[in-house]
Amino acid sequence: MNTKVVRIDEQHIDEALIGEAGRIIREGGLVAFPTETVYGLGGDALNPASSKKIYEAKGRPSDNPLIVHIARMEDLPALVRKVPETAKRLAAAFWPGPLTMIMEKSEAVPRETTGGLATVAVRMPSHPIALTFIEAAGGYVAAPSANRSGRPSPTVADYVVEDLDGRIEMILDGGDVELGLESTIVDLTVEPPVILRPGFVTEEELAGVLGQVEQDATLFSDDSGQAPKAPGMKYRHYAPKGELTIVRGAVPAVTDYINAGLAEGRKNNKRTGVIATDETMGTYRADVLRSVGKRTDVNAVARGLYRILREFDDEGVELIYSESFDGNGVSQAVMNRLLKAAGHKMIDV
Ligand code: AMP
Ligand code: MG
């Protein structure tokens, strides 16, 4: 298949191109598109054949459900058995935006889209290209991140091309994404609601609207002993090819530990890398040294993380150390993704 890659300017959205992209979806094809979180791989959410194609293109296990993207609040009721009061309040506060809500699905949503589940995940993104595209596509676009399964989610269109060229009909290139990590997922089918994936809409913000919200126990600890609630949580996501270890503790102890590990790696002829911060860049000796930005600017860390993980793959790094990012809010999203990338390998020093 020949994949058509088109550049779209979000300030002056080319209606003819969006119309073409929408038509591809309505005819059962696949289009990758930018959202404010990461690039999505879209297909018609109400067409079981489209969802099957998404799984095939990604190489993703078909019990890992897709998120259904909508562009207008009026389109939500058709997807769910009943719109919960909690969903109305959360939508008023955070939609369009980086929040996905799990609700009981309606008959209209095929099991192929929900990985066999009776629930459906719904999000209304805020990216202008995403919103225009979803409307042109008929209102319901199922979209996981536009990467091959097991690779970091793409934050630029070039990474989508790298992973999916020749496997999908079209890629809408809208430039760099704004946030760089996937949406927060909150399960509204349980009381109190549970966060299944941390993101830019934080636990504190959700609690502000819902009163009470819980975090799934597997978000920050090894999930081997626990049954994961989101099927996607059981897969090792975002994994770089090299062996990644996170080192947590006071900065001098962390840099000492990492430098010792790097020296050992060099002795064993391993190609080494470090995920550092602007503050610590100067202290490491590694083959590939990358800063995710200022330690104090967690949004920059979030935006840069997946790009760096991909660069380590491209550079053939075999042994990777990362500093850790503690704290509340967006730091939790960053740590959750890093822990997954590391297969939960973290050392406290
Ligand atoms: P991605 O689209 O790559 O960000 O992955 C979608 C994530 O949403 C996966 O981790 C899924 O497990 C999760 N998800 C989607 N639908 C549901 C659902 N109905 N119940 C629980 N988790 C879901
Ligand atoms: Mg993904």
# chains A, B, ... in the order shown; residues from 1 in each chain; ligands from 1
call {"tool": "closest_atom_pairs", "arguments": {"of": "chain A", "to": "ligand 1", "cutoff": "9 Å", "atoms": "only C-alpha atoms and all ligand atoms", "output": "CSV"}}
result
residue,atom,partner,partner_atom_place_in_ligand_line,distance
A:Val38,CA,ligand 1,4 (O),8.6
A:Gly40,CA,ligand 1,2 (O),7.4
A:Leu41,CA,ligand 1,2 (O),8.4
A:Asp63,CA,ligand 1,12 (O),8.4
A:Asn64,CA,ligand 1,12 (O),5.2
A:Pro65,CA,ligand 1,15 (C),4.3
A:Leu66,CA,ligand 1,15 (C),4.8
A:Ile67,CA,ligand 1,15 (C),5.0
A:Val68,CA,ligand 1,16 (N),8.1
A:Thr100,CA,ligand 1,8 (O),8.0
A:Met101,CA,ligand 1,17 (C),8.5
A:Ile102,CA,ligand 1,19 (N),5.6
A:Met103,CA,ligand 1,19 (N),7.2
A:Glu104,CA,ligand 1,19 (N),8.0
A:Lys105,CA,ligand 1,19 (N),8.2
A:Thr113,CA,ligand 1,16 (N),8.3
A:Thr114,CA,ligand 1,19 (N),5.6
A:Gly115,CA,ligand 1,16 (N),7.5
A:Gly116,CA,ligand 1,19 (N),8.7
A:Leu117,CA,ligand 1,19 (N),6.0
A:Ala118,CA,ligand 1,19 (N),7.1
A:Thr119,CA,ligand 1,19 (N),4.3
A:Val120,CA,ligand 1,19 (N),4.0
A:Ala121,CA,ligand 1,16 (N),4.3
A:Val122,CA,ligand 1,16 (N),7.8
A:Ala142,CA,ligand 1,2 (O),8.5
A:Ala143,CA,ligand 1,2 (O),5.8
A:Pro144,CA,ligand 1,2 (O),2.9
A:Ser145,CA,ligand 1,3 (O),4.2
A:Ala146,CA,ligand 1,3 (O),7.6
A:Asn147,CA,ligand 1,3 (O),8.2
A:Ser149,CA,ligand 1,3 (O),8.4
A:Ser153,CA,ligand 1,3 (O),7.4
A:Leu181,CA,ligand 1,4 (O),9.0
A:Glu182,CA,ligand 1,4 (O),5.7
A:Ser183,CA,ligand 1,4 (O),7.0
A:Ile185,CA,ligand 1,8 (O),6.9
A:Val186,CA,ligand 1,21 (C),8.6
A:Asp187,CA,ligand 1,21 (C),7.0
A:Leu196,CA,ligand 1,22 (N),7.1
A:Arg197,CA,ligand 1,10 (O),7.6
A:Lys229,CA,ligand 1,21 (C),6.2
A:Ala230,CA,ligand 1,22 (N),3.8
A:Pro231,CA,ligand 1,12 (O),4.3
A:Gly232,CA,ligand 1,12 (O),3.3
A:Met233,CA,ligand 1,10 (O),5.6
A:Lys234,CA,ligand 1,12 (O),8.4
A:Tyr235,CA,ligand 1,10 (O),8.5
A:His237,CA,ligand 1,3 (O),8.8
call {"tool": "write_last_selection", "arguments": {"atoms": "N, CA and C atoms", "output": "compact mmCIF listing (two decimals), in the first residue's frame"}}
result
# COMPACT_ATOMS: atom_id res chain seq x y z
N VAL A 38 -0.53 12.66 21.53
CA VAL A 38 0.41 12.00 20.61
C VAL A 38 -0.33 11.79 19.29
N GLY A 40 -2.42 9.77 16.58
CA GLY A 40 -3.33 8.64 16.65
C GLY A 40 -3.43 7.92 15.32
N LEU A 41 -3.77 6.63 15.39
CA LEU A 41 -3.99 5.84 14.16
C LEU A 41 -5.50 5.59 14.06
N ASP A 63 -6.98 -7.92 22.08
CA ASP A 63 -7.76 -7.75 23.31
C ASP A 63 -7.37 -6.44 24.02
N ASN A 64 -6.58 -5.61 23.35
CA ASN A 64 -6.17 -4.32 23.92
C ASN A 64 -7.03 -3.23 23.28
N PRO A 65 -8.06 -2.74 24.02
CA PRO A 65 -9.10 -1.92 23.39
C PRO A 65 -8.63 -0.56 22.88
N LEU A 66 -9.41 0.00 21.97
CA LEU A 66 -9.08 1.27 21.33
C LEU A 66 -9.86 2.40 22.00
N ILE A 67 -9.37 3.61 21.88
CA ILE A 67 -10.11 4.78 22.39
C ILE A 67 -10.92 5.36 21.24
N VAL A 68 -12.20 5.63 21.50
CA VAL A 68 -13.05 6.24 20.48
C VAL A 68 -13.01 7.76 20.64
N THR A 100 -9.57 10.64 28.87
CA THR A 100 -10.37 9.55 28.31
C THR A 100 -11.23 8.98 29.42
N MET A 101 -12.52 8.77 29.12
CA MET A 101 -13.44 8.23 30.13
C MET A 101 -13.95 6.86 29.69
N ILE A 102 -13.96 5.91 30.64
CA ILE A 102 -14.51 4.57 30.38
C ILE A 102 -15.95 4.52 30.87
N MET A 103 -16.84 4.09 29.96
CA MET A 103 -18.28 3.98 30.30
C MET A 103 -18.83 2.67 29.73
N GLU A 104 -20.06 2.31 30.14
CA GLU A 104 -20.70 1.11 29.57
C GLU A 104 -21.01 1.40 28.11
N LYS A 105 -20.68 0.48 27.21
CA LYS A 105 -20.86 0.76 25.78
C LYS A 105 -22.30 0.50 25.33
N THR A 113 -13.89 -3.09 18.51
CA THR A 113 -13.30 -1.80 18.89
C THR A 113 -12.92 -1.79 20.37
N THR A 114 -13.67 -2.52 21.20
CA THR A 114 -13.43 -2.47 22.65
C THR A 114 -12.63 -3.68 23.14
N GLY A 115 -12.00 -4.38 22.23
CA GLY A 115 -11.21 -5.54 22.65
C GLY A 115 -12.04 -6.59 23.35
N GLY A 116 -13.32 -6.68 22.97
CA GLY A 116 -14.20 -7.69 23.57
C GLY A 116 -14.90 -7.23 24.83
N LEU A 117 -14.62 -6.03 25.30
CA LEU A 117 -15.20 -5.56 26.56
C LEU A 117 -16.60 -4.97 26.36
N ALA A 118 -17.35 -4.89 27.47
CA ALA A 118 -18.69 -4.28 27.45
C ALA A 118 -18.60 -2.79 27.74
N THR A 119 -17.39 -2.29 27.91
CA THR A 119 -17.18 -0.86 28.16
C THR A 119 -16.45 -0.22 26.98
N VAL A 120 -16.58 1.10 26.89
CA VAL A 120 -15.92 1.82 25.81
C VAL A 120 -15.16 3.01 26.38
N ALA A 121 -14.00 3.29 25.81
CA ALA A 121 -13.19 4.45 26.20
C ALA A 121 -13.45 5.58 25.20
N VAL A 122 -13.78 6.78 25.72
CA VAL A 122 -14.12 7.90 24.83
C VAL A 122 -13.31 9.13 25.20
N ALA A 142 -11.95 5.55 16.02
CA ALA A 142 -11.20 4.72 16.97
C ALA A 142 -9.73 4.95 16.70
N ALA A 143 -8.98 5.26 17.76
CA ALA A 143 -7.56 5.53 17.51
C ALA A 143 -6.70 5.22 18.72
N PRO A 144 -5.83 4.23 18.58
CA PRO A 144 -4.75 4.07 19.55
C PRO A 144 -3.59 4.95 19.08
N SER A 145 -2.51 4.97 19.81
CA SER A 145 -1.35 5.74 19.37
C SER A 145 -0.82 5.14 18.06
N ALA A 146 -0.26 6.02 17.19
CA ALA A 146 0.09 5.61 15.83
C ALA A 146 1.50 5.04 15.73
N ASN A 147 1.83 4.12 16.65
CA ASN A 147 3.12 3.45 16.62
C ASN A 147 2.92 1.96 16.43
N SER A 149 3.17 -1.64 17.82
CA SER A 149 3.02 -2.10 19.20
C SER A 149 4.39 -2.29 19.85
N SER A 153 5.02 6.00 21.77
CA SER A 153 4.01 6.71 20.98
C SER A 153 4.68 7.85 20.21
N LEU A 181 2.61 12.97 25.93
CA LEU A 181 2.25 11.71 26.60
C LEU A 181 0.75 11.47 26.39
N GLU A 182 0.33 10.21 26.42
CA GLU A 182 -1.06 9.86 26.16
C GLU A 182 -2.00 10.41 27.24
N SER A 183 -3.30 10.42 26.90
CA SER A 183 -4.33 10.97 27.78
C SER A 183 -4.42 10.25 29.13
N ILE A 185 -6.57 8.25 31.65
CA ILE A 185 -7.76 7.40 31.50
C ILE A 185 -8.41 7.23 32.87
N VAL A 186 -9.72 7.53 32.95
CA VAL A 186 -10.45 7.33 34.20
C VAL A 186 -11.65 6.42 33.95
N ASP A 187 -11.78 5.41 34.80
CA ASP A 187 -12.87 4.44 34.69
C ASP A 187 -14.06 4.93 35.49
N LEU A 196 -6.84 4.79 35.48
CA LEU A 196 -6.15 3.63 34.92
C LEU A 196 -4.84 4.03 34.24
N ARG A 197 -4.73 5.31 33.89
CA ARG A 197 -3.48 5.79 33.29
C ARG A 197 -3.34 7.27 33.66
N LYS A 229 -6.67 -3.75 35.25
CA LYS A 229 -8.04 -3.42 34.88
C LYS A 229 -8.14 -2.97 33.43
N ALA A 230 -7.15 -2.21 32.95
CA ALA A 230 -7.14 -1.87 31.53
C ALA A 230 -6.32 -2.94 30.84
N PRO A 231 -6.89 -3.63 29.85
CA PRO A 231 -6.16 -4.71 29.21
C PRO A 231 -4.78 -4.25 28.73
N GLY A 232 -4.69 -3.00 28.30
CA GLY A 232 -3.42 -2.48 27.79
C GLY A 232 -2.33 -2.47 28.85
N MET A 233 -2.74 -2.48 30.13
CA MET A 233 -1.76 -2.37 31.19
C MET A 233 -0.93 -3.63 31.35
N LYS A 234 -1.39 -4.72 30.78
CA LYS A 234 -0.61 -5.95 30.97
C LYS A 234 0.51 -6.07 29.94
N TYR A 235 0.50 -5.23 28.92
CA TYR A 235 1.55 -5.31 27.92
C TYR A 235 2.70 -4.39 28.26
N HIS A 237 4.66 -1.73 27.32
CA HIS A 237 4.55 -0.65 26.34
C HIS A 237 5.86 0.11 26.22
call {"tool": "residues_around", "arguments": {"residues": "range 281-284 of chain A", "least_positions_apart": "6", "cutoff": "10 Å", "atoms": "only C-alpha atoms", "output": "CSV table (one decimal) with N, CA and C atoms, in the first residue's frame"}}
result
chain,number,residue,atom,x,y,z
A,252,PRO,N,23.3,13.8,43.8
A,252,PRO,CA,24.7,13.3,43.7
A,252,PRO,C,24.8,11.8,43.8
A,255,THR,N,23.8,10.4,40.3
A,255,THR,CA,24.8,10.6,39.2
A,255,THR,C,26.0,9.6,39.5
A,256,ASP,N,26.4,9.5,40.8
A,256,ASP,CA,27.4,8.5,41.1
A,256,ASP,C,27.1,7.1,40.7
A,258,ILE,N,24.9,6.1,38.5
A,258,ILE,CA,24.8,5.9,37.1
A,258,ILE,C,26.2,5.9,36.4
A,259,ASN,N,27.1,6.8,36.9
A,259,ASN,CA,28.4,6.8,36.3
A,259,ASN,C,29.1,5.5,36.5
A,260,ALA,N,28.9,4.9,37.7
A,260,ALA,CA,29.5,3.6,38.0
A,260,ALA,C,29.0,2.5,37.0
A,262,LEU,N,27.7,3.1,34.1
A,262,LEU,CA,28.2,3.3,32.7
A,262,LEU,C,29.6,2.8,32.5
A,273,GLY,N,23.9,4.9,27.3
A,273,GLY,CA,23.1,6.1,27.2
A,273,GLY,C,22.5,6.6,28.5
A,274,VAL,N,22.3,7.9,28.6
A,274,VAL,CA,21.7,8.4,29.8
A,274,VAL,C,20.6,9.4,29.5
A,275,ILE,N,19.4,9.2,30.2
A,275,ILE,CA,18.4,10.2,30.1
A,275,ILE,C,18.6,11.1,31.3
A,290,ARG,N,21.4,12.4,26.6
A,290,ARG,CA,20.3,13.3,26.2
A,290,ARG,C,19.7,14.0,27.4
A,291,SER,N,19.4,15.2,27.3
A,291,SER,CA,18.6,15.9,28.3
A,291,SER,C,17.1,16.0,27.9
A,292,VAL,N,16.3,15.7,28.9
A,292,VAL,CA,14.8,15.8,28.6
A,292,VAL,C,14.4,17.3,28.9
A,293,GLY,N,15.3,18.1,29.4
A,293,GLY,CA,15.0,19.5,29.7
A,293,GLY,C,15.3,19.8,31.1
call {"tool": "atom_distance", "arguments": {"atom1": "CA of Leu172 in chain A", "atom2": "CA of Arg303 in chain A"}}
result
19.7 Å
call {"tool": "select_by_dssp", "arguments": {"residues": "range 133-208 of chain A", "states": "strand (DSSP E or B)", "output": "PDB file with N, CA and C atoms, in the first residue's frame"}}
result
ATOM      1  N   VAL A 141     -14.067   8.163  15.574  1.00  0.00           N
ATOM      2  CA  VAL A 141     -12.783   7.640  15.104  1.00  0.00           C
ATOM      3  C   VAL A 141     -12.101   6.854  16.227  1.00  0.00           C
ATOM      4  N   ALA A 142     -11.951   5.546  16.016  1.00  0.00           N
ATOM      5  CA  ALA A 142     -11.200   4.721  16.974  1.00  0.00           C
ATOM      6  C   ALA A 142      -9.733   4.946  16.702  1.00  0.00           C
ATOM      7  N   SER A 145      -2.514   4.975  19.815  1.00  0.00           N
ATOM      8  CA  SER A 145      -1.348   5.744  19.368  1.00  0.00           C
ATOM      9  C   SER A 145      -0.817   5.141  18.058  1.00  0.00           C
ATOM     10  N   MET A 170      -3.155   7.007   4.817  1.00  0.00           N
ATOM     11  CA  MET A 170      -2.766   8.418   4.853  1.00  0.00           C
ATOM     12  C   MET A 170      -2.205   8.826   6.215  1.00  0.00           C
ATOM     13  N   ILE A 171      -1.290   9.789   6.197  1.00  0.00           N
ATOM     14  CA  ILE A 171      -0.776  10.380   7.437  1.00  0.00           C
ATOM     15  C   ILE A 171      -0.938  11.902   7.337  1.00  0.00           C
ATOM     16  N   LEU A 172      -1.642  12.476   8.308  1.00  0.00           N
ATOM     17  CA  LEU A 172      -1.778  13.938   8.370  1.00  0.00           C
ATOM     18  C   LEU A 172      -0.651  14.465   9.245  1.00  0.00           C
ATOM     19  N   ASP A 173       0.254  15.209   8.646  1.00  0.00           N
ATOM     20  CA  ASP A 173       1.398  15.755   9.383  1.00  0.00           C
ATOM     21  C   ASP A 173       1.047  17.147   9.883  1.00  0.00           C
ATOM     22  N   THR A 184      -4.926  10.970  30.105  1.00  0.00           N
ATOM     23  CA  THR A 184      -5.334  10.360  31.376  1.00  0.00           C
ATOM     24  C   THR A 184      -6.534   9.463  31.088  1.00  0.00           C
ATOM     25  N   ILE A 185      -6.566   8.247  31.647  1.00  0.00           N
ATOM     26  CA  ILE A 185      -7.756   7.399  31.505  1.00  0.00           C
ATOM     27  C   ILE A 185      -8.414   7.228  32.869  1.00  0.00           C
ATOM     28  N   VAL A 186      -9.725   7.528  32.948  1.00  0.00           N
ATOM     29  CA  VAL A 186     -10.451   7.333  34.202  1.00  0.00           C
ATOM     30  C   VAL A 186     -11.650   6.417  33.949  1.00  0.00           C
ATOM     31  N   ASP A 187     -11.779   5.412  34.805  1.00  0.00           N
ATOM     32  CA  ASP A 187     -12.866   4.438  34.686  1.00  0.00           C
ATOM     33  C   ASP A 187     -14.060   4.929  35.493  1.00  0.00           C
ATOM     34  N   VAL A 194     -11.798   5.268  39.029  1.00  0.00           N
ATOM     35  CA  VAL A 194     -10.394   4.874  39.191  1.00  0.00           C
ATOM     36  C   VAL A 194      -9.557   5.362  38.003  1.00  0.00           C
ATOM     37  N   ILE A 195      -8.404   5.933  38.303  1.00  0.00           N
ATOM     38  CA  ILE A 195      -7.467   6.346  37.244  1.00  0.00           C
ATOM     39  C   ILE A 195      -6.701   5.116  36.768  1.00  0.00           C
ATOM     40  N   LEU A 196      -6.842   4.790  35.478  1.00  0.00           N
ATOM     41  CA  LEU A 196      -6.146   3.634  34.918  1.00  0.00           C
ATOM     42  C   LEU A 196      -4.837   4.027  34.238  1.00  0.00           C
ATOM     43  N   ARG A 197      -4.732   5.307  33.893  1.00  0.00           N
ATOM     44  CA  ARG A 197      -3.481   5.793  33.295  1.00  0.00           C
ATOM     45  C   ARG A 197      -3.343   7.267  33.658  1.00  0.00           C
TER      46      ARG A 197
END
call {"tool": "atom_distance", "arguments": {"atom1": "CA of Asn269 in chain A", "atom2": "CA of Leu319 in chain A"}}
result
10.3 Å
call {"tool": "atom_distance", "arguments": {"atom1": "CA of Gly199 in chain A", "atom2": "CA of Gly180 in chain A"}}
result
10.0 Å
call {"tool": "residues_around", "arguments": {"residues": "range 44-48 of chain A", "least_positions_apart": "6", "cutoff": "6 Å", "atoms": "only C-alpha atoms", "output": "list in words"}}
result
Ile25, Val109, Pro110, Glu112, Tyr140, Val141 and Ala142 of chain A
call {"tool": "select_by_dssp", "arguments": {"residues": "range 16-178 of chain A", "states": "alpha helix (DSSP H)", "output": "MDAnalysis selection string"}}
result
chainID A and resid 16:26 48:58 85:94 128:136 157:164
call {"tool": "closest_residue", "arguments": {"among": "A:Ala342, A:Ala92, A:Ala207, A:Ile134", "to": "Ala32 in chain A", "atoms": "only C-alpha atoms"}}
result
A:Ile134
call {"tool": "closest_residue", "arguments": {"among": "A:Pro193, A:Pro61, A:Gly150, A:Gly29", "to": "ligand 2", "atoms": "only C-alpha atoms and all ligand atoms"}}
result
A:Gly150
call {"tool": "closest_residue", "arguments": {"among": "A:Thr202, A:Thr155, A:Gln212, A:Thr218", "to": "ligand 2", "atoms": "only C-alpha atoms and all ligand atoms"}}
result
A:Thr155
call {"tool": "closest_residue", "arguments": {"among": "A:Ala71, A:Leu99, A:Ala239, A:Leu206", "to": "ligand 2", "atoms": "only C-alpha atoms and all ligand atoms"}}
result
A:Ala239
call {"tool": "residues_around", "arguments": {"residues": "Asn328 in chain A", "least_positions_apart": "6", "cutoff": "12 Å", "atoms": "only C-alpha atoms", "output": "JSON, numbers by chain"}}
result
{"A": [198, 199, 200, 201, 202, 203, 204, 205, 298, 334, 335, 336]}
call {"tool": "closest_residue", "arguments": {"among": "A:Trp95, A:Tyr55, A:Phe33, A:Tyr238", "to": "ligand 2", "atoms": "only C-alpha atoms and all ligand atoms"}}
result
A:Tyr238
call {"tool": "closest_residue", "arguments": {"among": "A:Ala341, A:Ile308, A:Met346, A:Ala276", "to": "Arg248 in chain A", "atoms": "only C-alpha atoms"}}
result
A:Met346
call {"tool": "residues_around", "arguments": {"residues": "Pro125 in chain A", "least_positions_apart": "5", "cutoff": "8 Å", "atoms": "only C-alpha atoms", "output": "mmCIF file with C-alpha atoms, in the first residue's frame"}}
result
data_model
loop_
_atom_site.group_PDB
_atom_site.id
_atom_site.type_symbol
_atom_site.label_atom_id
_atom_site.label_comp_id
_atom_site.auth_asym_id
_atom_site.auth_seq_id
_atom_site.Cartn_x
_atom_site.Cartn_y
_atom_site.Cartn_z
ATOM 1 C CA THR A 35 -3.794 15.167 18.589
ATOM 2 C CA GLU A 36 -2.541 17.340 21.450
ATOM 3 C CA HIS A 69 -12.529 9.904 19.573
ATOM 4 C CA ILE A 70 -15.442 12.294 19.131
ATOM 5 C CA ALA A 71 -15.616 15.973 18.175
ATOM 6 C CA TRP A 95 -13.141 18.317 27.140
ATOM 7 C CA PRO A 96 -11.927 18.924 24.586
ATOM 8 C CA GLY A 97 -8.654 17.799 26.146
ATOM 9 C CA PRO A 98 -6.353 14.962 27.287
ATOM 10 C CA ALA A 130 -8.114 16.172 15.036
ATOM 11 C CA LEU A 131 -11.513 17.786 15.598
#
